[in-house]
Amino acid sequence: MKDLKTFYEEYKNKTSAYSYAMGSIYFDQATVAPKDGVPYSNEVVSFLSGEAFAYSTDPENIKRIEELYKETTDPLEKKEIELRLRDLHQISKLPKEVYVDFQKAVADSQYVWEEAKEKDDYALFKPHL
């Protein structure tokens with residue numbers, strides 16, 4: 001059980017690190033990053049999204065989390081794992097490429113949405129719907 005708990009803590013740390021990195025890029029874009037860098041930043045976010053997806057939905061990782069769920073007796077931890085597994089089982093049905101493409105589309109449309117909102121020009125954003 002200790003080995004599974006160690007794995008799960010490392011798993012949570014790694015997935016959190018991916019989220020933190022992507023969040024930092026988004027924050028940078030929204031505040032101080034030059035607008036010319038948005039396309040590259042979006043490519044980086046897309047790449048990180050794919051890596052995070054591949055790691056978090058790796059069947060071996062899910063199997064180990066399921067084993068921990070069966071073994072844990074702590075009700076709070078059990079509920080946390082249950083919710084994580086629910087999300088993982090849903091998202092793992094998607095092909096990685098679909099997930100990455102969606103994340104890229106969201107990232108690309110965010111910048112355009114802000115520009116369209118500022119200019120009060122819905123036509124700029126319409127192609128992203």
# chains A, B, ... in the order shown; residues from 1 in each chain; ligands from 1
>>> select_by_dssp(residues="chain A", states="alpha helix (DSSP H)", output="PyMOL selection string")
chain A and resi 2-30+38-56+59-71+75-91+96-119+122-125
>>> residues_around(residues="Ala107 (chain A)", least_positions_apart="3", cutoff="10 Å", atoms="only C-alpha atoms", output="number ranges by chain")
A: 26, 38-39, 41-43, 45-46, 101-104, 110-112
>>> atom_distance(atom1="CA of Phe53 (chain A)", atom2="CA of Val98 (chain A)")
10.7 Å
>>> closest_residue(among="A:Asp108, A:Glu82, A:Asp120, A:Glu9", to="Val44 (chain A)", atoms="only C-alpha atoms")
A:Asp108
>>> closest_residue(among="A:Ala116, A:Ala30, A:Ala123, A:Leu4", to="Ile65 (chain A)", atoms="only C-alpha atoms")
A:Leu4
>>> residues_around(residues="Leu124 (chain A)", least_positions_apart="5", cutoff="10 Å", atoms="only C-alpha atoms", output="MDAnalysis selection string")
chainID A and resid 109 112:117 119
>>> residues_around(residues="region 66-74 of chain A", least_positions_apart="2", cutoff="12 Å", atoms="only C-alpha atoms", output="list in words")
Met1, Lys2, Asp3, Leu4, Lys5, Thr6, Phe7, Tyr8, Glu9, Pro59, Glu60, Asn61, Ile62, Lys63, Arg64, Leu76, Glu77, Lys78, Lys79, Glu80, Ile81, Glu82, Leu83, Arg84, Leu85, Arg86, Leu88 and His89 of chain A
>>> closest_residue(among="A:Ala105, A:Ile91, A:Ser19, A:Glu118", to="Asp58 (chain A)", atoms="only C-alpha atoms")
A:Ile91
